[in-house]
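K.L.:
What follows is the file query-v5.cif, containing mmCIF, C-alpha atoms and all ligand atoms:
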data_model
loop_
_atom_site.group_PDB
_atom_site.id
_atom_site.type_symbol
_atom_site.label_atom_id
_atom_site.label_comp_id
_atom_site.auth_asym_id
_atom_site.auth_seq_id
_atom_site.Cartn_x
_atom_site.Cartn_y
_atom_site.Cartn_z
ATOM 1 C CA MET A 1 -40.448 -32.580 -52.079
ATOM 2 C CA LYS A 2 -38.310 -29.461 -52.351
ATOM 3 C CA THR A 3 -35.988 -28.642 -49.481
ATOM 4 C CA ALA A 4 -34.402 -25.275 -48.723
ATOM 5 C CA GLU A 5 -31.053 -24.306 -47.249
ATOM 6 C CA PRO A 6 -30.572 -21.192 -45.100
ATOM 7 C CA ARG A 7 -29.075 -18.092 -46.702
ATOM 8 C CA VAL A 8 -28.418 -14.681 -45.210
ATOM 9 C CA TYR A 9 -28.111 -11.524 -47.277
ATOM 10 C CA LEU A 10 -26.780 -8.352 -45.675
ATOM 11 C CA VAL A 11 -28.921 -5.728 -47.428
ATOM 12 C CA ALA A 12 -28.282 -2.584 -45.382
ATOM 13 C CA GLN A 13 -25.698 -1.167 -43.014
ATOM 14 C CA MET A 14 -24.458 2.233 -41.840
ATOM 15 C CA VAL A 15 -22.983 4.971 -44.003
ATOM 16 C CA ALA A 16 -21.371 7.812 -42.042
ATOM 17 C CA GLN A 17 -22.066 11.329 -43.326
ATOM 18 C CA THR A 18 -18.552 12.739 -43.177
ATOM 19 C CA ASP A 19 -19.591 16.329 -43.901
ATOM 20 C CA GLY A 20 -21.950 16.439 -40.934
ATOM 21 C CA ILE A 21 -19.421 14.846 -38.606
ATOM 22 C CA VAL A 22 -16.646 17.232 -39.677
ATOM 23 C CA ASP A 23 -18.997 20.226 -39.311
ATOM 24 C CA PHE A 24 -19.903 19.124 -35.787
ATOM 25 C CA LEU A 25 -16.236 18.666 -34.830
ATOM 26 C CA ASP A 26 -15.281 22.033 -36.395
ATOM 27 C CA ASP A 27 -18.112 23.835 -34.608
ATOM 28 C CA HIS A 28 -16.762 22.472 -31.332
ATOM 29 C CA GLY A 29 -13.132 23.339 -31.966
ATOM 30 C CA ILE A 30 -12.039 19.717 -32.351
ATOM 31 C CA ASP A 31 -9.546 19.508 -35.181
ATOM 32 C CA LYS A 32 -7.328 16.614 -34.173
ATOM 33 C CA TRP A 33 -9.671 13.669 -33.601
ATOM 34 C CA TYR A 34 -9.047 10.588 -35.650
ATOM 35 C CA SER A 35 -10.665 7.167 -35.205
ATOM 36 C CA SER A 36 -9.014 4.040 -36.567
ATOM 37 C CA ALA A 37 -12.482 3.073 -37.829
ATOM 38 C CA TRP A 38 -12.680 6.038 -40.241
ATOM 39 C CA SER A 39 -11.181 4.143 -43.137
ATOM 40 C CA ASN A 40 -12.380 0.726 -42.058
ATOM 41 C CA SER A 41 -16.005 0.466 -40.955
ATOM 42 C CA ASP A 42 -18.681 3.148 -40.560
ATOM 43 C CA ASN A 43 -20.600 0.579 -38.506
ATOM 44 C CA ASP A 44 -17.772 0.613 -35.949
ATOM 45 C CA LEU A 45 -17.148 4.340 -36.272
ATOM 46 C CA LEU A 46 -20.607 5.703 -35.463
ATOM 47 C CA PRO A 47 -20.978 4.141 -31.986
ATOM 48 C CA GLU A 48 -17.566 5.617 -31.112
ATOM 49 C CA ILE A 49 -18.722 9.076 -32.230
ATOM 50 C CA ALA A 50 -21.890 8.657 -30.152
ATOM 51 C CA GLY A 51 -20.033 7.364 -27.116
ATOM 52 C CA ARG A 52 -17.409 10.103 -27.209
ATOM 53 C CA LEU A 53 -20.158 12.733 -27.374
ATOM 54 C CA CYS A 54 -21.271 11.732 -23.868
ATOM 55 C CA TYR A 55 -18.015 13.044 -22.353
ATOM 56 C CA MET A 56 -16.868 15.175 -25.318
ATOM 57 C CA SER A 57 -13.756 13.008 -25.243
ATOM 58 C CA TYR A 58 -12.702 13.321 -28.887
ATOM 59 C CA THR A 59 -9.321 14.693 -27.903
ATOM 60 C CA ASN A 60 -8.561 11.759 -25.553
ATOM 61 C CA PRO A 61 -7.650 8.956 -27.952
ATOM 62 C CA ARG A 62 -7.550 5.496 -26.427
ATOM 63 C CA PRO A 63 -4.460 3.367 -27.142
ATOM 64 C CA GLY A 64 -5.703 0.565 -29.364
ATOM 65 C CA GLY A 65 -8.047 2.821 -31.326
ATOM 66 C CA ASN A 66 -11.667 2.044 -32.110
ATOM 67 C CA ALA A 67 -11.342 -1.650 -31.174
ATOM 68 C CA ALA A 68 -10.151 -0.761 -27.671
ATOM 69 C CA TYR A 69 -12.801 1.960 -27.365
ATOM 70 C CA LEU A 70 -15.657 -0.405 -28.241
ATOM 71 C CA ASP A 71 -14.207 -3.153 -26.040
ATOM 72 C CA HIS A 72 -14.287 -0.713 -23.130
ATOM 73 C CA ILE A 73 -17.929 0.139 -23.914
ATOM 74 C CA LYS A 74 -18.761 -3.578 -23.814
ATOM 75 C CA GLU A 75 -16.712 -4.141 -20.656
ATOM 76 C CA VAL A 76 -18.510 -1.414 -18.706
ATOM 77 C CA GLY A 77 -21.886 -2.406 -20.213
ATOM 78 C CA HIS A 78 -22.768 0.893 -21.889
ATOM 79 C CA GLY A 79 -24.556 -1.089 -24.577
ATOM 80 C CA SER A 80 -26.917 1.714 -25.599
ATOM 81 C CA VAL A 81 -24.022 3.259 -27.548
ATOM 82 C CA LEU A 82 -23.985 0.185 -29.797
ATOM 83 C CA GLU A 83 -27.582 0.861 -30.819
ATOM 84 C CA HIS A 84 -26.363 3.542 -33.234
ATOM 85 C CA SER A 85 -25.303 0.933 -35.789
ATOM 86 C CA VAL A 86 -28.069 -0.915 -37.588
ATOM 87 C CA PHE A 87 -27.907 -3.879 -39.970
ATOM 88 C CA SER A 88 -30.635 -5.360 -42.166
ATOM 89 C CA PHE A 89 -30.651 -8.936 -43.417
ATOM 90 C CA ILE A 90 -32.924 -10.861 -45.709
ATOM 91 C CA ILE A 91 -32.985 -14.420 -44.418
ATOM 92 C CA THR A 92 -34.310 -17.245 -46.585
ATOM 93 C CA GLY A 93 -34.402 -21.008 -46.370
ATOM 94 C CA VAL A 94 -35.457 -21.059 -42.749
ATOM 95 C CA SER A 95 -38.474 -22.714 -41.190
ATOM 96 C CA ARG A 96 -41.570 -21.160 -39.689
ATOM 97 C CA SER A 97 -40.543 -22.685 -36.357
ATOM 98 C CA LEU A 98 -37.248 -20.786 -36.567
ATOM 99 C CA THR A 99 -38.945 -17.469 -37.327
ATOM 100 C CA HIS A 100 -41.413 -18.057 -34.513
ATOM 101 C CA GLU A 101 -38.397 -18.054 -32.172
ATOM 102 C CA LEU A 102 -36.630 -15.213 -33.998
ATOM 103 C CA ILE A 103 -39.538 -12.809 -33.651
ATOM 104 C CA ARG A 104 -39.573 -13.299 -29.885
ATOM 105 C CA HIS A 105 -36.621 -10.900 -29.837
ATOM 106 C CA ARG A 106 -38.420 -7.621 -29.229
ATOM 107 C CA ALA A 107 -35.909 -4.959 -28.259
ATOM 108 C CA GLY A 108 -34.331 -3.151 -31.214
ATOM 109 C CA MET A 109 -35.490 -5.626 -33.864
ATOM 110 C CA SER A 110 -37.951 -5.164 -36.738
ATOM 111 C CA PHE A 111 -39.404 -7.871 -38.955
ATOM 112 C CA SER A 112 -41.231 -8.236 -42.269
ATOM 113 C CA GLN A 113 -42.140 -11.808 -43.120
ATOM 114 C CA LEU A 114 -43.582 -13.664 -46.087
ATOM 115 C CA SER A 115 -47.363 -13.837 -45.731
ATOM 116 C CA GLN A 116 -48.965 -17.267 -45.856
ATOM 117 C CA ARG A 117 -52.316 -15.557 -46.461
ATOM 118 C CA PHE A 118 -51.283 -13.663 -49.588
ATOM 119 C CA VAL A 119 -48.675 -16.051 -50.993
ATOM 120 C CA ASP A 120 -49.597 -19.480 -52.285
ATOM 121 C CA GLU A 121 -47.748 -22.264 -50.438
ATOM 122 C CA SER A 122 -48.719 -25.071 -52.845
ATOM 123 C CA GLU A 123 -45.111 -25.438 -54.006
ATOM 124 C CA ALA A 124 -43.476 -24.499 -50.706
ATOM 125 C CA SER A 125 -40.084 -25.890 -49.826
ATOM 126 C CA PHE A 126 -39.330 -27.494 -46.484
ATOM 127 C CA VAL A 127 -36.363 -26.961 -44.201
ATOM 128 C CA VAL A 128 -34.705 -30.149 -43.023
ATOM 129 C CA PRO A 129 -34.002 -29.945 -39.278
ATOM 130 C CA PRO A 130 -30.215 -30.247 -38.813
ATOM 131 C CA ALA A 131 -30.677 -33.513 -36.911
ATOM 132 C CA PHE A 132 -32.242 -35.134 -40.003
ATOM 133 C CA ALA A 133 -29.816 -33.612 -42.509
ATOM 134 C CA ASP A 134 -27.505 -36.624 -42.684
ATOM 135 C CA CYS A 135 -30.192 -39.294 -42.453
ATOM 136 C CA LEU A 136 -32.947 -38.330 -44.882
ATOM 137 C CA ASP A 137 -32.686 -41.784 -46.446
ATOM 138 C CA THR A 138 -33.204 -43.585 -43.126
ATOM 139 C CA GLU A 139 -36.616 -44.545 -41.758
ATOM 140 C CA ALA A 140 -36.750 -41.401 -39.589
ATOM 141 C CA GLY A 141 -35.872 -39.221 -42.584
ATOM 142 C CA MET A 142 -38.504 -40.937 -44.724
ATOM 143 C CA ILE A 143 -41.153 -40.384 -42.046
ATOM 144 C CA TRP A 144 -40.206 -36.706 -41.944
ATOM 145 C CA GLN A 145 -40.372 -36.340 -45.729
ATOM 146 C CA SER A 146 -43.677 -38.156 -46.059
ATOM 147 C CA ALA A 147 -45.183 -35.997 -43.287
ATOM 148 C CA CYS A 148 -44.182 -32.848 -45.189
ATOM 149 C CA ASP A 149 -45.438 -34.252 -48.502
ATOM 150 C CA TRP A 150 -48.729 -35.302 -46.935
ATOM 151 C CA SER A 151 -49.266 -31.879 -45.381
ATOM 152 C CA ALA A 152 -48.446 -30.093 -48.632
ATOM 153 C CA ASN A 153 -50.906 -32.313 -50.454
ATOM 154 C CA ARG A 154 -53.643 -31.672 -47.848
ATOM 155 C CA TYR A 155 -52.925 -27.948 -48.115
ATOM 156 C CA ARG A 156 -53.466 -27.967 -51.883
ATOM 157 C CA LEU A 157 -56.707 -29.952 -51.506
ATOM 158 C CA LEU A 158 -57.980 -27.642 -48.777
ATOM 159 C CA VAL A 159 -57.243 -24.494 -50.811
ATOM 160 C CA ALA A 160 -59.307 -25.937 -53.683
ATOM 161 C CA HIS A 161 -62.159 -26.941 -51.354
ATOM 162 C CA MET A 162 -62.212 -23.594 -49.583
ATOM 163 C CA GLU A 163 -62.127 -21.579 -52.798
ATOM 164 C CA ALA A 164 -65.160 -23.545 -53.953
ATOM 165 C CA LYS A 165 -67.092 -22.976 -50.701
ATOM 166 C CA ALA A 166 -70.115 -20.776 -51.493
ATOM 167 C CA GLU A 167 -69.428 -17.784 -49.247
ATOM 168 C CA ILE A 168 -65.723 -17.777 -50.168
ATOM 169 C CA ALA A 169 -66.335 -18.304 -53.902
ATOM 170 C CA ALA A 170 -68.522 -15.179 -53.850
ATOM 171 C CA LEU A 171 -65.595 -12.959 -52.751
ATOM 172 C CA PRO A 172 -63.451 -10.892 -55.155
ATOM 173 C CA PRO A 173 -60.417 -12.919 -56.395
ATOM 174 C CA THR A 174 -57.773 -11.592 -53.976
ATOM 175 C CA ALA A 175 -60.044 -11.886 -50.938
ATOM 176 C CA ARG A 176 -61.118 -15.349 -52.076
ATOM 177 C CA ARG A 177 -57.572 -16.661 -52.372
ATOM 178 C CA LYS A 178 -56.622 -15.070 -49.040
ATOM 179 C CA ALA A 179 -59.603 -16.616 -47.237
ATOM 180 C CA ALA A 180 -58.816 -20.062 -48.664
ATOM 181 C CA ARG A 181 -55.076 -19.889 -47.937
ATOM 182 C CA GLU A 182 -55.457 -18.545 -44.408
ATOM 183 C CA ALA A 183 -57.607 -21.530 -43.494
ATOM 184 C CA ALA A 184 -55.603 -24.143 -45.418
ATOM 185 C CA ARG A 185 -52.222 -22.988 -44.036
ATOM 186 C CA SER A 186 -53.226 -24.387 -40.636
ATOM 187 C CA VAL A 187 -52.106 -27.839 -41.817
ATOM 188 C CA LEU A 188 -48.675 -26.754 -43.052
ATOM 189 C CA PRO A 189 -45.857 -28.004 -40.841
ATOM 190 C CA ASN A 190 -43.380 -25.950 -38.825
ATOM 191 C CA ALA A 191 -40.750 -27.025 -41.367
ATOM 192 C CA THR A 192 -42.346 -24.932 -44.140
ATOM 193 C CA GLU A 193 -39.756 -22.592 -45.625
ATOM 194 C CA THR A 194 -40.191 -18.863 -45.059
ATOM 195 C CA LYS A 195 -38.392 -15.615 -45.821
ATOM 196 C CA ILE A 196 -37.942 -12.749 -43.416
ATOM 197 C CA TYR A 197 -36.411 -9.261 -43.526
ATOM 198 C CA VAL A 198 -34.821 -8.380 -40.209
ATOM 199 C CA THR A 199 -33.454 -5.006 -39.180
ATOM 200 C CA ALA A 200 -31.719 -4.714 -35.828
ATOM 201 C CA ASN A 201 -29.172 -2.583 -34.109
ATOM 202 C CA ALA A 202 -25.822 -3.993 -33.055
ATOM 203 C CA ARG A 203 -26.860 -4.379 -29.419
ATOM 204 C CA ALA A 204 -29.916 -6.403 -30.421
ATOM 205 C CA TRP A 205 -27.922 -8.544 -32.863
ATOM 206 C CA ARG A 206 -25.427 -9.212 -30.075
ATOM 207 C CA HIS A 207 -28.196 -10.391 -27.757
ATOM 208 C CA PHE A 208 -29.583 -12.600 -30.512
ATOM 209 C CA LEU A 209 -26.131 -14.128 -31.213
ATOM 210 C CA GLU A 210 -25.614 -14.876 -27.520
ATOM 211 C CA MET A 211 -29.062 -16.390 -26.886
ATOM 212 C CA ARG A 212 -29.332 -18.319 -30.134
ATOM 213 C CA GLY A 213 -25.673 -19.172 -30.614
ATOM 214 C CA ASP A 214 -25.729 -20.985 -27.283
ATOM 215 C CA GLY A 215 -25.685 -24.761 -27.019
ATOM 216 C CA ALA A 216 -29.093 -24.682 -25.347
ATOM 217 C CA ALA A 217 -30.695 -23.084 -28.420
ATOM 218 C CA ASP A 218 -32.602 -24.977 -31.103
ATOM 219 C CA ALA A 219 -30.180 -26.442 -33.662
ATOM 220 C CA GLU A 220 -31.658 -24.642 -36.683
ATOM 221 C CA ILE A 221 -31.621 -21.178 -35.116
ATOM 222 C CA ARG A 222 -28.105 -21.826 -33.763
ATOM 223 C CA ARG A 223 -27.074 -22.628 -37.333
ATOM 224 C CA LEU A 224 -28.557 -19.266 -38.385
ATOM 225 C CA ALA A 225 -26.645 -17.429 -35.634
ATOM 226 C CA LEU A 226 -23.463 -19.128 -36.854
ATOM 227 C CA LEU A 227 -24.213 -17.974 -40.421
ATOM 228 C CA LEU A 228 -24.875 -14.382 -39.373
ATOM 229 C CA LEU A 229 -21.802 -14.026 -37.164
ATOM 230 C CA PRO A 230 -19.099 -13.912 -39.887
ATOM 231 C CA VAL A 231 -21.161 -11.468 -41.954
ATOM 232 C CA LEU A 232 -21.607 -9.153 -38.975
ATOM 233 C CA LYS A 233 -17.924 -9.512 -38.085
ATOM 234 C CA GLY A 234 -17.002 -8.604 -41.660
ATOM 235 C CA ALA A 235 -19.223 -5.520 -41.594
ATOM 236 C CA ALA A 236 -18.224 -4.391 -38.101
ATOM 237 C CA PRO A 237 -15.061 -6.150 -36.944
ATOM 238 C CA ASN A 238 -14.873 -4.228 -33.680
ATOM 239 C CA LEU A 239 -18.560 -4.347 -32.709
ATOM 240 C CA PHE A 240 -18.606 -8.139 -33.065
ATOM 241 C CA GLY A 241 -14.894 -9.008 -32.839
ATOM 242 C CA ASP A 242 -15.144 -10.389 -29.296
ATOM 243 C CA TYR A 243 -17.256 -13.345 -30.426
ATOM 244 C CA GLU A 244 -15.615 -16.709 -30.867
ATOM 245 C CA VAL A 245 -17.013 -19.983 -32.129
ATOM 246 C CA LYS A 246 -16.125 -22.878 -29.857
ATOM 247 C CA ARG A 247 -17.310 -26.428 -29.430
ATOM 248 C CA ASP A 248 -19.120 -27.140 -26.183
ATOM 249 C CA ASP A 249 -18.864 -30.336 -24.131
ATOM 250 C CA LEU A 250 -21.322 -32.054 -26.486
ATOM 251 C CA GLY A 251 -19.299 -31.086 -29.575
ATOM 252 C CA ARG A 252 -21.759 -28.421 -30.746
ATOM 253 C CA GLU A 253 -20.472 -25.222 -32.339
ATOM 254 C CA CYS A 254 -21.482 -22.338 -30.075
ATOM 255 C CA ILE A 255 -20.918 -18.591 -29.970
ATOM 256 C CA THR A 256 -19.105 -17.298 -26.907
ATOM 257 C CA THR A 257 -17.908 -13.938 -25.597
ATOM 258 C CA LYS A 258 -16.547 -12.487 -22.393
ATOM 259 C CA TYR A 259 -18.913 -9.490 -22.812
ATOM 260 C CA ARG A 260 -22.402 -10.958 -22.467
ATOM 261 C CA LYS A 261 -25.513 -8.833 -22.679
ATOM 262 C CA VAL A 262 -23.994 -5.375 -22.905
HETATM 263 C C1 LIG A 301 -32.690 -21.880 -25.243
HETATM 264 C C2 LIG A 301 -33.972 -21.093 -25.246
HETATM 265 C C3 LIG A 301 -35.148 -21.681 -24.858
HETATM 266 C C4 LIG A 301 -36.350 -20.956 -24.855
HETATM 267 N N1 LIG A 301 -37.506 -21.568 -24.477
HETATM 268 C C5 LIG A 301 -38.670 -20.875 -24.464
HETATM 269 C C6 LIG A 301 -39.908 -21.494 -24.089
HETATM 270 O O1 LIG A 301 -39.948 -22.667 -23.775
HETATM 271 N N2 LIG A 301 -41.037 -20.748 -24.099
HETATM 272 C C7 LIG A 301 -41.006 -19.426 -24.445
HETATM 273 O O2 LIG A 301 -42.054 -18.786 -24.420
HETATM 274 N N3 LIG A 301 -39.869 -18.818 -24.828
HETATM 275 C C8 LIG A 301 -38.703 -19.500 -24.847
HETATM 276 N N4 LIG A 301 -37.541 -18.879 -25.236
HETATM 277 C C9 LIG A 301 -37.598 -17.476 -25.678
HETATM 278 C C10 LIG A 301 -37.118 -16.523 -24.567
HETATM 279 O O3 LIG A 301 -37.918 -16.645 -23.414
HETATM 280 C C11 LIG A 301 -37.150 -15.083 -25.073
HETATM 281 O O4 LIG A 301 -38.472 -14.728 -25.403
HETATM 282 C C12 LIG A 301 -36.287 -14.864 -26.299
HETATM 283 O O5 LIG A 301 -35.054 -15.526 -26.184
HETATM 284 C C13 LIG A 301 -36.027 -13.378 -26.466
HETATM 285 O O6 LIG A 301 -35.180 -12.978 -25.412
HETATM 286 P P1 LIG A 301 -35.324 -11.587 -24.709
HETATM 287 O O7 LIG A 301 -36.686 -11.366 -24.147
HETATM 288 O O8 LIG A 301 -34.161 -11.478 -23.766
HETATM 289 O O9 LIG A 301 -35.021 -10.615 -25.978
HETATM 290 P P2 LIG A 301 -35.641 -9.225 -26.341
HETATM 291 O O10 LIG A 301 -37.109 -9.286 -26.412
HETATM 292 O O11 LIG A 301 -34.940 -8.782 -27.579
HETATM 293 O O12 LIG A 301 -35.233 -8.298 -25.161
HETATM 294 C C14 LIG A 301 -33.861 -7.980 -24.935
HETATM 295 C C15 LIG A 301 -33.721 -7.559 -23.485
HETATM 296 O O13 LIG A 301 -34.458 -6.356 -23.280
HETATM 297 C C16 LIG A 301 -35.054 -6.397 -21.991
HETATM 298 N N5 LIG A 301 -36.520 -6.389 -22.159
HETATM 299 C C17 LIG A 301 -37.208 -6.607 -23.329
HETATM 300 N N6 LIG A 301 -38.531 -6.488 -23.110
HETATM 301 C C18 LIG A 301 -38.683 -6.199 -21.813
HETATM 302 C C19 LIG A 301 -39.803 -5.967 -21.006
HETATM 303 N N7 LIG A 301 -41.042 -6.025 -21.485
HETATM 304 N N8 LIG A 301 -39.616 -5.713 -19.696
HETATM 305 C C20 LIG A 301 -38.365 -5.649 -19.181
HETATM 306 N N9 LIG A 301 -37.228 -5.863 -19.903
HETATM 307 C C21 LIG A 301 -37.405 -6.124 -21.202
HETATM 308 C C22 LIG A 301 -34.588 -7.669 -21.306
HETATM 309 O O14 LIG A 301 -33.414 -7.397 -20.599
HETATM 310 C C23 LIG A 301 -34.288 -8.564 -22.494
HETATM 311 O O15 LIG A 301 -33.362 -9.597 -22.205
HETATM 312 C C24 LIG A 301 -36.341 -19.587 -25.249
HETATM 313 C C25 LIG A 301 -35.148 -18.992 -25.649
HETATM 314 C C26 LIG A 301 -33.966 -19.720 -25.659
HETATM 315 C C27 LIG A 301 -32.672 -19.041 -26.116
#
Using the file provided, produce a representation of the structure as structure tokens.

P.N.:
Amino acid sequence: MKTAEPRVYLVAQMVAQTDGIVDFLDDHGIDKWYSSAWSNSDNDLLPEIAGRLCYMSYTNPRPGGNAAYLDHIKEVGHGSVLEHSVFSFIITGVSRSLTHELIRHRAGMSFSQLSQRFVDESEASFVVPPAFADCLDTEAGMIWQSACDWSANRYRLLVAHMEAKAEIAALPPTARRKAAREAARSVLPNATETKIYVTANARAWRHFLEMRGDGAADAEIRRLALLLLPVLKGAAPNLFGDYEVKRDDLGRECITTKYRKV
């Protein structure tokens, strides 16, 4: 049995169009504005430009620069400003049960996921739930592995049976394979590995980190939140800089912030 480990790939983030910004500032007689994010992170910069537009406050710099500006936005809960920065990740090595929870996040998030109808799952990998990770060689771990193996084997048998079924065998090749796989996939376990492309704005990522980085969240999706956090912090240190990783009373690593649900 093949197992898969989670990986996150940041595949898209913001690029400020300096010419357009400078033209806008020039047209409005603003020649002195400087954000500390200019040379550091376009992801941090653009929400500040958007927020300052609301009050045309470019000539009122805040001590502490962009970090202080975005902290104030979070403190007063003007979270819509944070929607102007968007990040896309490809996430692999996660289970179908994880993505079932991930796609429940509706506001500001977009998803494209591996199709189990079009893609053959005969050689699928399985994601070991964190609780089993250190005990795969115990009886519980063996039960888990044999359940995955058994399901994968049944899947392969069912695909063959369904493809041979008269009304399915009569279909063109792509439709035939799709019809067989869509029926056979019903026996694949939640642990089956999947891949998903997720695009979300900073406000939506923040909500995800808070909900799924919490001790109450499922262990696998909490592990994903903990993987995403340093990447997001690296890309936008001020949008995500308020998050800390702490151990809760049960010793679990959790994501905390004083600015929840901006
Ligand atoms: C620990 C945990 C346990 C869970 N257990 C279950 C469970 O047993 N069963 C289950 O079904 N789900 C469960 N969930 C999923 C949960 O109910 C949410 O569906 C999921 O966390 C997405 O949260 P959300 O709706 O706040 O996010 P989003 O859909 O991203 O929405 C973000 C915010 O936008 C606003 N919003 C979005 N849509 C609407 C709307 N239609 N109307 C008004 N406001 C809106 C809300 O303020 C919302 O918080 C669980 C989640 C967690 C973290």

K.L.:
Select all residues near (-54.5, -17.4, -49.5) (cut-off 12 Å, inclusive, file coordinates), counting only C-alpha atoms, and output them as a ChimeraX atom specification.

P.N.:
/A:115-122,155-156,158-160,162-163,168,173-186

K.L.:
What residues have any atom no more than 10 Å from ligand LIG 301 (chain A) when counting all atoms listed in the file, and can you list them as JSON, numbers by chain?

P.N.:
{"A": [100, 101, 102, 103, 104, 105, 106, 107, 108, 109, 200, 203, 204, 205, 206, 207, 208, 209, 210, 211, 212, 213, 214, 215, 216, 217, 218, 219, 221, 222, 261, 262]}

K.L.:
What does the file look like for those residues with C-alpha atoms, as a PDB file, in the coordinates of the input?

P.N.:
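Generated file (part20.pdb):
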ATOM      1  CA  HIS A 100     -41.413 -18.057 -34.513  1.00  0.00           C
ATOM      2  CA  GLU A 101     -38.397 -18.054 -32.172  1.00  0.00           C
ATOM      3  CA  LEU A 102     -36.630 -15.213 -33.998  1.00  0.00           C
ATOM      4  CA  ILE A 103     -39.538 -12.809 -33.651  1.00  0.00           C
ATOM      5  CA  ARG A 104     -39.573 -13.299 -29.885  1.00  0.00           C
ATOM      6  CA  HIS A 105     -36.621 -10.900 -29.837  1.00  0.00           C
ATOM      7  CA  ARG A 106     -38.420  -7.621 -29.229  1.00  0.00           C
ATOM      8  CA  ALA A 107     -35.909  -4.959 -28.259  1.00  0.00           C
ATOM      9  CA  GLY A 108     -34.331  -3.151 -31.214  1.00  0.00           C
ATOM     10  CA  MET A 109     -35.490  -5.626 -33.864  1.00  0.00           C
ATOM     11  CA  ALA A 200     -31.719  -4.714 -35.828  1.00  0.00           C
ATOM     12  CA  ARG A 203     -26.860  -4.379 -29.419  1.00  0.00           C
ATOM     13  CA  ALA A 204     -29.916  -6.403 -30.421  1.00  0.00           C
ATOM     14  CA  TRP A 205     -27.922  -8.544 -32.863  1.00  0.00           C
ATOM     15  CA  ARG A 206     -25.427  -9.212 -30.075  1.00  0.00           C
ATOM     16  CA  HIS A 207     -28.196 -10.391 -27.757  1.00  0.00           C
ATOM     17  CA  PHE A 208     -29.583 -12.600 -30.512  1.00  0.00           C
ATOM     18  CA  LEU A 209     -26.131 -14.128 -31.213  1.00  0.00           C
ATOM     19  CA  GLU A 210     -25.614 -14.876 -27.520  1.00  0.00           C
ATOM     20  CA  MET A 211     -29.062 -16.390 -26.886  1.00  0.00           C
ATOM     21  CA  ARG A 212     -29.332 -18.319 -30.134  1.00  0.00           C
ATOM     22  CA  GLY A 213     -25.673 -19.172 -30.614  1.00  0.00           C
ATOM     23  CA  ASP A 214     -25.729 -20.985 -27.283  1.00  0.00           C
ATOM     24  CA  GLY A 215     -25.685 -24.761 -27.019  1.00  0.00           C
ATOM     25  CA  ALA A 216     -29.093 -24.682 -25.347  1.00  0.00           C
ATOM     26  CA  ALA A 217     -30.695 -23.084 -28.420  1.00  0.00           C
ATOM     27  CA  ASP A 218     -32.602 -24.977 -31.103  1.00  0.00           C
ATOM     28  CA  ALA A 219     -30.180 -26.442 -33.662  1.00  0.00           C
ATOM     29  CA  ILE A 221     -31.621 -21.178 -35.116  1.00  0.00           C
ATOM     30  CA  ARG A 222     -28.105 -21.826 -33.763  1.00  0.00           C
ATOM     31  CA  LYS A 261     -25.513  -8.833 -22.679  1.00  0.00           C
ATOM     32  CA  VAL A 262     -23.994  -5.375 -22.905  1.00  0.00           C
TER      33      VAL A 262
END

K.L.:
Name the residues within 10 Å of (-26.0, -11.4, -43.3), counting all atoms listed in the file in the file's coordinates, and put them as a list in words.

P.N.:
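Residues lying no farther than 10 Å from the given point: Arg7, Val8, Tyr9, Leu10, Val11, Ala12, Phe87, Ser88, Phe89, Ile90, Ile91, Val198, Leu224, Ala225, Leu227, Leu228, Leu229, Pro230, Val231, Leu232, Lys233, Gly234 and Ala235 of chain A.
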
K.L.:
Could you check which of A:Ala169, A:Ser35, A:His84, A:Ala164 is closest to Pro63 of chain A, using all atoms listed in the file?

P.N.:
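Under the stated criterion, the closest residue is A:Ser35.
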
K.L.:
So how many Å separate atom CA of Gln113 of chain A and atom CA of Pro172 of chain A, to one decimal?

P.N.:
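Atom CA of Pro172 of chain A lies at a distance of 24.5 Å from atom CA of Gln113 of chain A.
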
K.L.:
Just how far from atom CA of Lys258 of chain A is atom CA of Leu239 of chain A, in Å to one decimal?

P.N.:
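If I compute the distance from atom CA of Leu239 of chain A to atom CA of Lys258 of chain A, I get 13.3 Å.
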
K.L.:
When distances are computed from all atoms listed in the file, which of A:Pro61, A:Gly29, A:Met1, A:Gly51 shows the smallest separation from Trp150 of chain A?

P.N.:
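Among the listed residues, the smallest separation from Trp150 of chain A belongs to A:Met1.
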
K.L.:
Atom CA of Ile73 of chain A to atom CA of Ser57 of chain A: how many Å, to one decimal?

P.N.:
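For atom CA of Ile73 of chain A relative to atom CA of Ser57 of chain A, the distance reads 13.6 Å.
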
K.L.:
If the PyMOL selection byres (((chain A and resi 36) around 12) and not hetatm) were run on this exact file, what residues would it hold? Put them as an MDAnalysis selection string.

P.N.:
chainID A and resid 33:35 37:42 44:46 48:49 61:70 237:238

K.L.:
What lies within 7 Å of segment 93-97 of chain A using all atoms listed in the file, ignoring chain neighbours under 5 positions off, as a CSV table (one decimal) with C-alpha atoms, in the frame of the given file?

P.N.:
chain,number,residue,atom,x,y,z
A,4,ALA,CA,-34.4,-25.3,-48.7
A,5,GLU,CA,-31.1,-24.3,-47.2
A,6,PRO,CA,-30.6,-21.2,-45.1
A,7,ARG,CA,-29.1,-18.1,-46.7
A,127,VAL,CA,-36.4,-27.0,-44.2
A,190,ASN,CA,-43.4,-26.0,-38.8
A,191,ALA,CA,-40.8,-27.0,-41.4
A,192,THR,CA,-42.3,-24.9,-44.1
A,193,GLU,CA,-39.8,-22.6,-45.6
A,194,THR,CA,-40.2,-18.9,-45.1
A,195,LYS,CA,-38.4,-15.6,-45.8

K.L.:
Pick from A:Val86, A:Val187, A:Thr3, A:Leu171: nearest to Gln145 of chain A, with all atoms listed in the file counted?

P.N.:
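Ranked by minimum distance to Gln145 of chain A, first place goes to A:Thr3.
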
K.L.:
Counting all atoms listed in the file, figure out which residue out of A:Glu220, A:Cys148, A:Gly251, A:Thr256 gets nearest to Pro129 of chain A.

P.N.:
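Distance minimum relative to Pro129 of chain A lands on A:Glu220.
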